[in-house]
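Remarks on the structure that follows.
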Amino acid sequence: MNESYMNSLEACYRCAAACDHCAASCLQEEDLEMMRECIRLDTQCANLCRLAAQFMALESEFASTLCQLCAEVCQKCGDECAKHQHDHCQQCAEACHHCADACRKMAA
């Protein structure tokens, strides 16, 4: 497995974990309505990151295409999380933006 795949694969797993933690933490916040979009994107992003990582590990012919989509979703999730000042949201935003960059590089 080449280095680009390994970097993206690891970034995807880190991002998925950060998104799972963020979604669970958002559910504990007082203003749940304000966190709705964050939770929705966290869930989608985590699932897509795990799928992209699996396709990379399988060295699938579809890994690059899936990573392009993963980069888009990670960017959107990271942008949403960055709007919230909670530590879990800020950490998630950082992981999402890192994953988006790694997936873009892998898919190029």
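By order in the structure tokens, chains are A, B, ...; within a chain, residues start at 1; ligands start at 1, following the order shown.
Residues with any atom within 9 Å of Met56 (chain A), counting only C-alpha atoms and excluding same-chain neighbours fewer than 5 positions away, are Met1, Tyr5, Met6, Ser8, Leu9, Leu51, Glu61, Phe62, Ala63, Ser64 and Cys67 of chain A.
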field: DSSP-assigned helix (DSSP H, G or I) among region 60-99 of chain A, expressed as a ChimeraX atom specification
entry: /A:63-82,87-99
Restrict the selected residues to N, CA, C and O atoms and save them as a short mmCIF file (atom, residue, chain, number, x, y, z; two decimals), in the first residue's frame.
```
data_model
loop_
_atom_site.label_atom_id
_atom_site.label_comp_id
_atom_site.auth_asym_id
_atom_site.auth_seq_id
_atom_site.Cartn_x
_atom_site.Cartn_y
_atom_site.Cartn_z
N ALA A 63 -11.61 3.42 -4.69
CA ALA A 63 -11.11 4.15 -3.52
C ALA A 63 -10.91 5.64 -3.84
O ALA A 63 -11.30 6.50 -3.04
N SER A 64 -10.34 5.94 -4.96
CA SER A 64 -10.08 7.34 -5.31
C SER A 64 -11.38 8.13 -5.45
O SER A 64 -11.49 9.25 -4.93
N THR A 65 -12.36 7.55 -6.11
CA THR A 65 -13.65 8.22 -6.29
C THR A 65 -14.33 8.43 -4.94
O THR A 65 -14.88 9.50 -4.67
N LEU A 66 -14.27 7.41 -4.10
CA LEU A 66 -14.88 7.52 -2.78
C LEU A 66 -14.16 8.56 -1.93
O LEU A 66 -14.79 9.31 -1.19
N CYS A 67 -12.85 8.65 -2.08
CA CYS A 67 -12.08 9.64 -1.32
C CYS A 67 -12.39 11.07 -1.77
O CYS A 67 -12.33 11.99 -0.96
N GLN A 68 -12.74 11.25 -3.02
CA GLN A 68 -13.15 12.58 -3.47
C GLN A 68 -14.42 13.01 -2.74
O GLN A 68 -14.53 14.14 -2.26
N LEU A 69 -15.39 12.10 -2.65
CA LEU A 69 -16.62 12.39 -1.92
C LEU A 69 -16.33 12.58 -0.44
O LEU A 69 -16.86 13.50 0.20
N CYS A 70 -15.47 11.75 0.11
CA CYS A 70 -15.10 11.85 1.52
C CYS A 70 -14.50 13.23 1.81
O CYS A 70 -14.83 13.86 2.82
N ALA A 71 -13.66 13.72 0.92
CA ALA A 71 -13.06 15.05 1.10
C ALA A 71 -14.13 16.14 1.16
O ALA A 71 -14.06 17.05 1.99
N GLU A 72 -15.13 16.03 0.30
CA GLU A 72 -16.21 17.03 0.28
C GLU A 72 -17.01 17.01 1.59
O GLU A 72 -17.30 18.05 2.16
N VAL A 73 -17.36 15.81 2.04
CA VAL A 73 -18.15 15.68 3.26
C VAL A 73 -17.33 16.12 4.47
O VAL A 73 -17.83 16.83 5.35
N CYS A 74 -16.07 15.73 4.51
CA CYS A 74 -15.19 16.14 5.62
C CYS A 74 -15.06 17.66 5.67
O CYS A 74 -15.08 18.26 6.75
N GLN A 75 -14.91 18.29 4.52
CA GLN A 75 -14.79 19.75 4.48
C GLN A 75 -16.05 20.40 5.03
O GLN A 75 -15.98 21.31 5.87
N LYS A 76 -17.20 19.91 4.59
CA LYS A 76 -18.47 20.49 5.05
C LYS A 76 -18.67 20.26 6.54
O LYS A 76 -19.09 21.16 7.27
N CYS A 77 -18.36 19.06 7.02
CA CYS A 77 -18.49 18.76 8.44
C CYS A 77 -17.53 19.62 9.26
O CYS A 77 -17.91 20.19 10.28
N GLY A 78 -16.30 19.72 8.80
CA GLY A 78 -15.31 20.54 9.49
C GLY A 78 -15.72 22.00 9.55
O GLY A 78 -15.54 22.66 10.58
N ASP A 79 -16.27 22.50 8.46
CA ASP A 79 -16.73 23.90 8.44
C ASP A 79 -17.87 24.12 9.44
O ASP A 79 -17.91 25.15 10.12
N GLU A 80 -18.79 23.15 9.51
CA GLU A 80 -19.91 23.27 10.46
C GLU A 80 -19.40 23.21 11.90
O GLU A 80 -19.78 24.03 12.73
N CYS A 81 -18.54 22.24 12.19
CA CYS A 81 -18.01 22.10 13.55
C CYS A 81 -17.23 23.34 13.97
O CYS A 81 -17.28 23.74 15.14
N ALA A 82 -16.53 23.94 13.04
CA ALA A 82 -15.72 25.13 13.35
C ALA A 82 -16.57 26.31 13.81
O ALA A 82 -16.07 27.22 14.47
N ASP A 87 -14.98 22.47 22.73
CA ASP A 87 -13.70 21.82 22.43
C ASP A 87 -13.89 20.63 21.49
O ASP A 87 -13.11 20.45 20.56
N HIS A 88 -14.92 19.82 21.73
CA HIS A 88 -15.13 18.65 20.88
C HIS A 88 -15.41 19.05 19.44
O HIS A 88 -14.98 18.38 18.50
N CYS A 89 -16.10 20.16 19.23
CA CYS A 89 -16.37 20.64 17.87
C CYS A 89 -15.08 21.15 17.21
O CYS A 89 -14.84 20.89 16.03
N GLN A 90 -14.29 21.89 17.97
CA GLN A 90 -13.04 22.41 17.42
C GLN A 90 -12.06 21.29 17.06
O GLN A 90 -11.40 21.33 16.02
N GLN A 91 -11.99 20.27 17.92
CA GLN A 91 -11.13 19.12 17.63
C GLN A 91 -11.64 18.35 16.41
O GLN A 91 -10.85 17.89 15.58
N CYS A 92 -12.94 18.23 16.30
CA CYS A 92 -13.53 17.55 15.16
C CYS A 92 -13.27 18.33 13.88
O CYS A 92 -12.92 17.74 12.84
N ALA A 93 -13.42 19.63 13.93
CA ALA A 93 -13.16 20.47 12.76
C ALA A 93 -11.74 20.27 12.27
O ALA A 93 -11.50 20.13 11.06
N GLU A 94 -10.80 20.23 13.20
CA GLU A 94 -9.39 20.04 12.83
C GLU A 94 -9.19 18.67 12.16
O GLU A 94 -8.53 18.57 11.13
N ALA A 95 -9.76 17.63 12.74
CA ALA A 95 -9.63 16.28 12.18
C ALA A 95 -10.29 16.19 10.81
O ALA A 95 -9.75 15.57 9.88
N CYS A 96 -11.45 16.81 10.66
CA CYS A 96 -12.16 16.79 9.38
C CYS A 96 -11.37 17.51 8.29
O CYS A 96 -11.26 17.02 7.16
N HIS A 97 -10.85 18.68 8.61
CA HIS A 97 -10.10 19.44 7.61
C HIS A 97 -8.80 18.71 7.23
O HIS A 97 -8.42 18.70 6.05
N HIS A 98 -8.16 18.08 8.21
CA HIS A 98 -6.96 17.30 7.91
C HIS A 98 -7.32 16.12 6.99
O HIS A 98 -6.61 15.83 6.02
N CYS A 99 -8.41 15.45 7.30
CA CYS A 99 -8.84 14.30 6.49
C CYS A 99 -9.22 14.75 5.07
O CYS A 99 -8.88 14.08 4.09
#
```
- request: Excluding Met35 (chain A) and any residue of its chain fewer than 4 positions from it, enumerate the residues within 7 Å of it, using only C-alpha atoms, and give them as number ranges by chain.
  value: A: 26, 31, 39
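Comparing A:Gln28, A:Ser4, A:Gln54, A:Thr43 by their smallest distance to Ala107 (chain A), the closest is A:Ser4 (using only C-alpha atoms).
For the residues A:Lys83, A:Ala53, A:Asn7, A:Cys15, ranking by smallest atom-to-atom distance to Glu37 (chain A) using only C-alpha atoms places A:Lys83 first.
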What are the nearest atom pairs, with distances in Å to one decimal, for all residues of region 40-97 of chain A that come at most 6 Å from region 16-19 of chain A, using only C-alpha atoms, set out by chain and rising residue number as a Markdown table?
```
| residue | atom | partner | partner_atom | distance |
| --- | --- | --- | --- | --- |
| A:Asp42 | CA | A:Cys19 | CA | 4.7 |
| A:Ala46 | CA | A:Ala16 | CA | 3.9 |
| A:Cys49 | CA | A:Ala16 | CA | 5.7 |
| A:Cys92 | CA | A:Ala18 | CA | 5.1 |
```
Could you write those residues out with all heavy atoms, as a PDB file, in the first residue's frame?
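Below is the file again-v1.pdb, written as the result:
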```pdb
ATOM      1  N   ASP A  42     -21.664  15.048  11.479  1.00  0.00           N
ATOM      2  CA  ASP A  42     -20.728  14.168  12.181  1.00  0.00           C
ATOM      3  C   ASP A  42     -21.019  12.704  11.861  1.00  0.00           C
ATOM      4  O   ASP A  42     -20.106  11.925  11.582  1.00  0.00           O
ATOM      5  CB  ASP A  42     -20.834  14.347  13.703  1.00  0.00           C
ATOM      6  CG  ASP A  42     -20.118  15.571  14.237  1.00  0.00           C
ATOM      7  OD1 ASP A  42     -19.215  16.091  13.554  1.00  0.00           O
ATOM      8  OD2 ASP A  42     -20.469  15.997  15.355  1.00  0.00           O
ATOM      9  N   ALA A  46     -18.459  10.405   9.731  1.00  0.00           N
ATOM     10  CA  ALA A  46     -17.830   9.240  10.370  1.00  0.00           C
ATOM     11  C   ALA A  46     -18.066   7.978   9.547  1.00  0.00           C
ATOM     12  O   ALA A  46     -17.131   7.193   9.318  1.00  0.00           O
ATOM     13  CB  ALA A  46     -18.375   9.065  11.789  1.00  0.00           C
ATOM     14  N   CYS A  49     -16.054   8.157   6.238  1.00  0.00           N
ATOM     15  CA  CYS A  49     -14.622   7.999   6.486  1.00  0.00           C
ATOM     16  C   CYS A  49     -14.262   6.530   6.694  1.00  0.00           C
ATOM     17  O   CYS A  49     -13.254   6.046   6.171  1.00  0.00           O
ATOM     18  CB  CYS A  49     -14.187   8.815   7.700  1.00  0.00           C
ATOM     19  SG  CYS A  49     -13.996  10.575   7.366  1.00  0.00           S
ATOM     20  N   CYS A  92     -12.941  18.231  16.298  1.00  0.00           N
ATOM     21  CA  CYS A  92     -13.533  17.546  15.164  1.00  0.00           C
ATOM     22  C   CYS A  92     -13.267  18.330  13.877  1.00  0.00           C
ATOM     23  O   CYS A  92     -12.923  17.742  12.844  1.00  0.00           O
ATOM     24  CB  CYS A  92     -15.034  17.354  15.380  1.00  0.00           C
ATOM     25  SG  CYS A  92     -15.832  16.326  14.123  1.00  0.00           S
TER      26      CYS A  92
END
```
- prompt: Separation of CA of Ser25 (chain A) and CA of His86 (chain A), in Å?
  reply: 9.2 Å
message: Using Å and a single decimal, report how far CA of Cys103 (chain A) sits from CA of Ala24 (chain A).
response: 24.6 Å
